[in-house]
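S.K.: Sharing a structure, written as structure tokens. Questions coming.
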Amino acid sequence: MRHVTRAASAALLLGVAPSVLLAEIVGPTTPPPAPDFEAQGEPIFVNRDEVFTFRALDSYNEPDFVAAFVEAGLLPPVEERLPAEPLVFSAGNMPDGIGVYGDVMRHVIGGRPEGWNYWAGQSYGWGGIDIAMAECLTRTGPLFMINPEDLLPMPNLARSWDWSEDGMSLSVNLIEGARWSDGEPFGTHDIDFYWNHVVMDPNITPLGGATPSTFGEGTTLEITGPYQFVFNFTTPFPEQILFAMAYGTFCPGPSHMLAPHHPATGGESYEGFTSAFPPDFMNFPVMGAWVAVEHRPDEIVILRRNPFYWKVDEAGNQLPYLNENHYRLSTWADRDVQAVAGTGDFSNLEQPENFVAALRQAADEDAPARLAFGPRTIGYTLHMNFSANGWGAPDERAQAIRELNRDLNFRIGVTQALDRVRIGDSLVRGPFTTQYPGGLYPGTSFYDEESTVFFPYSLESARAHFEMAGLVDTDGDGFLNHPADVMGGANVQITLLNNVDFNTDSNLAEAVVTMMEEAGLRVVLQSLSGNDVDAVAIGGGWDWRVFRNASELITVVQNTTELAPLGPQTMRSHYANTDGEIVLMPFEEELNEIISAFMATRDAEERAELMQRYQQVYTENLYGIGLTAYPGALIINKRFSNIPPGAPIFMFNWAEDNIIRERVWVASDAQGDFEVFPESLPAAPGTRGVITTN
Ligand code: GLA
Ligand code: CA
């Protein structure tokens, strides 16, 4: 009802007879039910401390060929390479138990490494390559299998933490005595650099997009020892901080490599900092299980085991079990094809265009890979650029679009011009896709159907709303025009940013163009490949964008700060201008209040209510326009052991993190002959390739 009233008053303001428009307006409902789709495989739920603990073991083991390096005097003994109390994975939580060394996981990815300075915003090419190399203070991927009562991030580089009594500070303890893959010590000097010269430096944005607001406005960090630091907060018990310490936002880099190039610590310029570690710089030091030793452009990146890795199994075997990790540089669609065919080992089957072929091949008993669908956690949103005060320096045309984007009538027009049944069917037929209004996904823990506002498809209603937004086809060419005082009354023309690396993104973008044209709105594609899309998206030079959603809309507790425009650069559709100013719409202020209140309370009931309000405000205002949501499947070669049942391809993180690759192994008689650098270890930073004992 509220919408009809609003629409009518807008019509009155414009001097249009409301009765004429009202006759055409189709009001909102709750969303149509999603077709039944059963996830295959249930996780075995456990508490976090059943997965691993930190403790010293009596003795440690390593692969024979690594022991040969020690004998040759090329490497310190394994107990000296490990922290005093390494992370110890419990055998009881391993689906197939303690493993054996050897073999490779062969990934295929559609991205390309821009360079190794993740902290200056360079992408490694995605598809799990950065997840294999970088470790973070806490870890969230495996939380899909954690009991709801114990659902907090897992320790990782941060082995423990203590809240002060008043909750105003959190003291964090790092693992002690761990080393980077080149043997240099890891400690709070690395935290200091990351916090003060990456997060706090407005001149650079790390790849995961961490800004001061990610950690809560006013939060400070104080180093209190070689392995201890303290966060100080402005509100008590912001549990969110533990999630902000996870993948994407708190994965510190090697300060011994980075600091000499950063302008604040001796480097020449920010450009120099960014370009200090180009894609052909090999053996960049990592805390992850594997080190990049070889990169052949457009062909492959090869990662070799890190002899200083700080995790072991209960029998004292230093991890990882797998000696290499390959990333063939191809396309995302090819990742599916190769994983199913057995020439690749892993894929997140996430592009519905490939579902039917993949399912057919995987059904064969002799198929090399298993395929299991998970919950409906892949979804797309049409984002509109809401900055009307200069983000991305819009010209007159773009400015006019920004103002339309901020008009609710315009957004209702757009959402009602989208036939989501047709959109879903254009990707794949069958029970996979569901009509997604935007906001939280159905089936996730904070979702509430009653609080979800759905505007049904109706071209008449869409046109009526466009008219209320002031758009009429004054020259009769079939496309809506601006009012005479905007752009000289020219046809409206909107650009739609999409990522050509994914067929799904392109197909959705094309569906949007077609359906807008049917409603009289001209939209043209701004098609770019991944790394360029990210640059344009962050720079603000776009009108609309097709976006594959991130984890905050599934879990709510991960990346919570990105649910609302809490900071100058937290809401991807609404960044501040270069002066840091952001002009919020009234409902955005409301979203900020809701999310701040959500983060400030630990009361489960209150949190549930707040998220219901969030969903209501989000969907009735069409903050993001939902396109479609569907399940994805994990495809993994049958020779791998220790793949946890029910691992979703995407939840708190991607499956590359969820399956805990450092404890995945291959039985001796199933091992392939895939190692490119057998019997070798990573060479020194900046040197290409590996070293051997002879
Ligand atoms: C890309 C892929 C995902 C996943 C992530 C990991 O985004 O599309 O399936 O592999 O990389 O970062
Ligand atoms: Ca026209």
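Labels for the structure tokens follow display order: chains A, B, ..., residues from 1 in each chain, ligands from 1.
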Let me see if you get this right: every residue at most 8 Å from ligand 1, counting only C-alpha atoms and all ligand atoms, written as a count of residues only.

M.R.: 21

S.K.: Show me which residues are within 7 Å of ligand 2 counting only C-alpha atoms and all ligand atoms, and format the list as a PyMOL selection string.

M.R.: chain A and resi 473-481+491

S.K.: From segment 462-691 of chain A, collect each residue whose DSSP state is helix (DSSP H, G or I) and return the set as an MDAnalysis selection string.

M.R.: chainID A and resid 462:468 487:489 503:518 530:539 552:555 560:563 586:600 604:620 655:658 661:663 668:670

S.K.: Counting only C-alpha atoms, figure out which residue out of A:Ala604, A:Met245, A:Leu74, A:Ile636 gets nearest to Leu157 of chain A.

M.R.: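 Using only C-alpha atoms, Leu157 of chain A sits closest to A:Met245.
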
S.K.: What does the distance between atom CA of Ala362 of chain A and atom CA of Thr444 of chain A come to in Å, to one decimal place?

M.R.: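 Atom-to-atom, atom CA of Ala362 of chain A and atom CA of Thr444 of chain A are spaced 27.7 Å apart.
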
S.K.: For Val51 of chain A, which residue among A:Phe373, A:Phe89, A:Tyr118, A:Trp180 is the nearest when counting only C-alpha atoms?

M.R.: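 Nearest candidate to Val51 of chain A out of A:Phe373, A:Phe89, A:Tyr118, A:Trp180: A:Phe89.
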
S.K.: Given only C-alpha atoms as the basis, pick out the residue of A:Pro83, A:Pro278, A:Pro678, A:Gly266 nearest to Asp64 of chain A.

M.R.: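 Once distances to Asp64 of chain A are computed over only C-alpha atoms, the minimum belongs to A:Pro678.
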
S.K.: Just the residues within 10 Å of Ala23 of chain A, please, counting only C-alpha atoms, with nothing from its chain fewer than 6 positions along; format it as a list in words.

M.R.: Glu460, Ser461 and Ala464 of chain A

S.K.: Taking only C-alpha atoms into account, which of A:Arg429, A:Arg159, A:Arg81, A:Arg663 comes nearest Glu353 of chain A?

M.R.: A:Arg429

S.K.: Between atom CA of Ala158 of chain A and atom CA of Ile175 of chain A, what is the distance in Å, rounded to a tenth?

M.R.: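 We find that atom CA of Ala158 of chain A and atom CA of Ile175 of chain A lie 6.2 Å from each other.
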
S.K.: I'd like to know which residues of segment 289-517 of chain A are strand (DSSP E) (by DSSP, run on the backbone); could you write them as number ranges by chain?

M.R.: A: 290-296, 300-305, 311-313, 324-329, 346-349, 369-373, 378-384, 434-435, 493-499

S.K.: For N, CA and C atoms, I'd like the residues from the last selection saved as a compact mmCIF listing (two decimals), in the first residue's frame.

M.R.:
# COMPACT_ATOMS: atom_id res chain seq x y z
N TRP A 290 51.65 -22.70 -0.34
CA TRP A 290 52.40 -22.83 -1.58
C TRP A 290 52.90 -21.46 -2.05
N VAL A 291 54.04 -21.46 -2.76
CA VAL A 291 54.72 -20.26 -3.23
C VAL A 291 54.73 -20.26 -4.76
N ALA A 292 54.49 -19.09 -5.39
CA ALA A 292 54.50 -19.01 -6.86
C ALA A 292 55.94 -19.04 -7.35
N VAL A 293 56.30 -20.13 -8.03
CA VAL A 293 57.69 -20.29 -8.49
C VAL A 293 57.84 -20.06 -9.99
N GLU A 294 56.72 -20.11 -10.72
CA GLU A 294 56.80 -20.00 -12.18
C GLU A 294 55.52 -19.38 -12.72
N HIS A 295 55.67 -18.44 -13.68
CA HIS A 295 54.51 -17.85 -14.35
C HIS A 295 54.81 -17.76 -15.83
N ARG A 296 54.05 -18.49 -16.62
CA ARG A 296 54.16 -18.36 -18.08
C ARG A 296 52.88 -17.65 -18.52
N ILE A 300 50.27 -20.63 -17.50
CA ILE A 300 50.15 -21.29 -16.19
C ILE A 300 50.91 -20.51 -15.11
N VAL A 301 50.42 -20.62 -13.88
CA VAL A 301 51.19 -20.21 -12.71
C VAL A 301 51.37 -21.48 -11.88
N ILE A 302 52.61 -21.75 -11.47
CA ILE A 302 52.90 -22.96 -10.70
C ILE A 302 53.32 -22.58 -9.28
N LEU A 303 52.65 -23.18 -8.31
CA LEU A 303 52.95 -22.95 -6.90
C LEU A 303 53.57 -24.22 -6.33
N ARG A 304 54.64 -24.04 -5.57
CA ARG A 304 55.36 -25.19 -4.99
C ARG A 304 55.29 -25.10 -3.47
N ARG A 305 55.42 -26.20 -2.78
CA ARG A 305 55.21 -26.23 -1.33
C ARG A 305 56.14 -25.27 -0.58
N LYS A 311 51.62 -25.22 9.70
CA LYS A 311 50.52 -26.11 10.10
C LYS A 311 50.97 -27.55 9.93
N VAL A 312 50.51 -28.41 10.82
CA VAL A 312 50.86 -29.83 10.77
C VAL A 312 49.61 -30.66 11.03
N ASP A 313 49.72 -31.97 10.80
CA ASP A 313 48.61 -32.85 11.23
C ASP A 313 48.96 -33.43 12.60
N GLU A 324 52.36 -29.49 -5.12
CA GLU A 324 52.17 -28.35 -6.03
C GLU A 324 50.70 -28.00 -6.16
N ASN A 325 50.50 -26.78 -6.66
CA ASN A 325 49.18 -26.23 -6.88
C ASN A 325 49.31 -25.49 -8.22
N HIS A 326 48.57 -25.93 -9.23
CA HIS A 326 48.69 -25.31 -10.56
C HIS A 326 47.50 -24.42 -10.86
N TYR A 327 47.73 -23.36 -11.61
CA TYR A 327 46.66 -22.49 -12.08
C TYR A 327 46.84 -22.30 -13.57
N ARG A 328 46.16 -23.10 -14.36
CA ARG A 328 46.24 -22.93 -15.81
C ARG A 328 45.44 -21.68 -16.17
N LEU A 329 46.02 -20.82 -16.99
CA LEU A 329 45.39 -19.53 -17.29
C LEU A 329 44.53 -19.66 -18.54
N PHE A 346 39.50 -29.20 -10.27
CA PHE A 346 38.60 -28.47 -9.36
C PHE A 346 37.82 -27.43 -10.15
N SER A 347 36.54 -27.31 -9.83
CA SER A 347 35.80 -26.16 -10.32
C SER A 347 34.64 -25.82 -9.41
N ASN A 348 34.35 -24.54 -9.32
CA ASN A 348 33.09 -24.10 -8.74
C ASN A 348 32.14 -23.96 -9.92
N LEU A 349 31.26 -24.92 -10.09
CA LEU A 349 30.31 -24.85 -11.20
C LEU A 349 29.29 -23.79 -10.85
N ALA A 369 35.47 -37.04 -12.10
CA ALA A 369 35.20 -36.06 -11.04
C ALA A 369 33.84 -36.27 -10.40
N ARG A 370 33.73 -35.91 -9.10
CA ARG A 370 32.39 -35.90 -8.51
C ARG A 370 31.86 -34.46 -8.51
N LEU A 371 30.55 -34.41 -8.57
CA LEU A 371 29.88 -33.11 -8.67
C LEU A 371 28.76 -33.09 -7.65
N ALA A 372 28.75 -32.07 -6.77
CA ALA A 372 27.69 -31.99 -5.77
C ALA A 372 27.16 -30.56 -5.66
N PHE A 373 25.87 -30.44 -5.85
CA PHE A 373 25.24 -29.13 -5.73
C PHE A 373 25.04 -28.75 -4.26
N ILE A 378 24.52 -18.48 -5.08
CA ILE A 378 25.09 -17.63 -6.12
C ILE A 378 23.96 -16.72 -6.60
N GLY A 379 24.20 -15.42 -6.59
CA GLY A 379 23.15 -14.51 -7.01
C GLY A 379 23.73 -13.25 -7.62
N TYR A 380 22.92 -12.62 -8.42
CA TYR A 380 23.35 -11.40 -9.11
C TYR A 380 22.43 -10.23 -8.82
N THR A 381 23.05 -9.07 -8.70
CA THR A 381 22.30 -7.85 -8.46
C THR A 381 22.66 -6.83 -9.52
N LEU A 382 21.65 -6.06 -9.93
CA LEU A 382 21.90 -4.91 -10.79
C LEU A 382 22.14 -3.73 -9.85
N HIS A 383 23.39 -3.25 -9.83
CA HIS A 383 23.71 -2.11 -8.98
C HIS A 383 23.57 -0.83 -9.77
N MET A 384 23.08 0.21 -9.11
CA MET A 384 23.02 1.54 -9.72
C MET A 384 24.00 2.43 -8.98
N THR A 434 15.94 -18.92 -9.23
CA THR A 434 14.73 -18.41 -8.59
C THR A 434 14.66 -16.91 -8.82
N GLN A 435 13.45 -16.38 -8.76
CA GLN A 435 13.27 -14.93 -8.94
C GLN A 435 13.77 -14.24 -7.68
N GLN A 493 20.21 7.60 -22.00
CA GLN A 493 21.12 6.51 -22.38
C GLN A 493 21.97 6.10 -21.18
N ILE A 494 21.89 4.82 -20.87
CA ILE A 494 22.54 4.30 -19.65
C ILE A 494 23.61 3.29 -20.04
N THR A 495 24.75 3.33 -19.36
CA THR A 495 25.77 2.30 -19.61
C THR A 495 25.67 1.22 -18.54
N LEU A 496 25.94 -0.01 -18.97
CA LEU A 496 25.85 -1.15 -18.05
C LEU A 496 27.19 -1.89 -18.05
N LEU A 497 27.87 -1.78 -16.93
CA LEU A 497 29.19 -2.40 -16.78
C LEU A 497 29.04 -3.89 -16.54
N ASN A 498 29.73 -4.69 -17.35
CA ASN A 498 29.70 -6.13 -17.11
C ASN A 498 31.03 -6.78 -17.38
N ASN A 499 31.23 -7.93 -16.74
CA ASN A 499 32.50 -8.64 -16.76
C ASN A 499 32.43 -9.74 -17.83

S.K.: Which residues are close to Phe243 of chain A, i.e. within 7 Å by only C-alpha atoms, leaving aside same-chain residues fewer than 3 positions away? Reply as a ChimeraX atom specification.

M.R.: /A:153,240,246,558-559

S.K.: Any chance you can output those residues with N, CA and C atoms as a CSV table (one decimal), in the first residue's frame?

M.R.:
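Result saved to again_3.csv:
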chain,number,residue,atom,x,y,z
A,153,PRO,N,34.6,-16.7,13.8
A,153,PRO,CA,35.7,-17.1,13.0
A,153,PRO,C,36.7,-18.0,13.7
A,240,GLN,N,32.1,-8.2,15.2
A,240,GLN,CA,32.4,-8.1,13.8
A,240,GLN,C,33.9,-8.0,13.4
A,246,ALA,N,39.4,-11.7,8.9
A,246,ALA,CA,39.5,-12.9,8.0
A,246,ALA,C,39.9,-12.6,6.6
A,558,GLN,N,29.5,-12.0,7.9
A,558,GLN,CA,30.8,-11.8,7.1
A,558,GLN,C,30.7,-10.5,6.3
A,559,ASN,N,31.7,-9.6,6.3
A,559,ASN,CA,31.6,-8.3,5.6
A,559,ASN,C,30.4,-7.5,5.9

S.K.: Quick one: residues within 12 Å of Asp669 of chain A, only C-alpha atoms, excluding same-chain residues fewer than 6 positions away - as a PyMOL selection string?

M.R.: chain A and resi 100-103+639-640
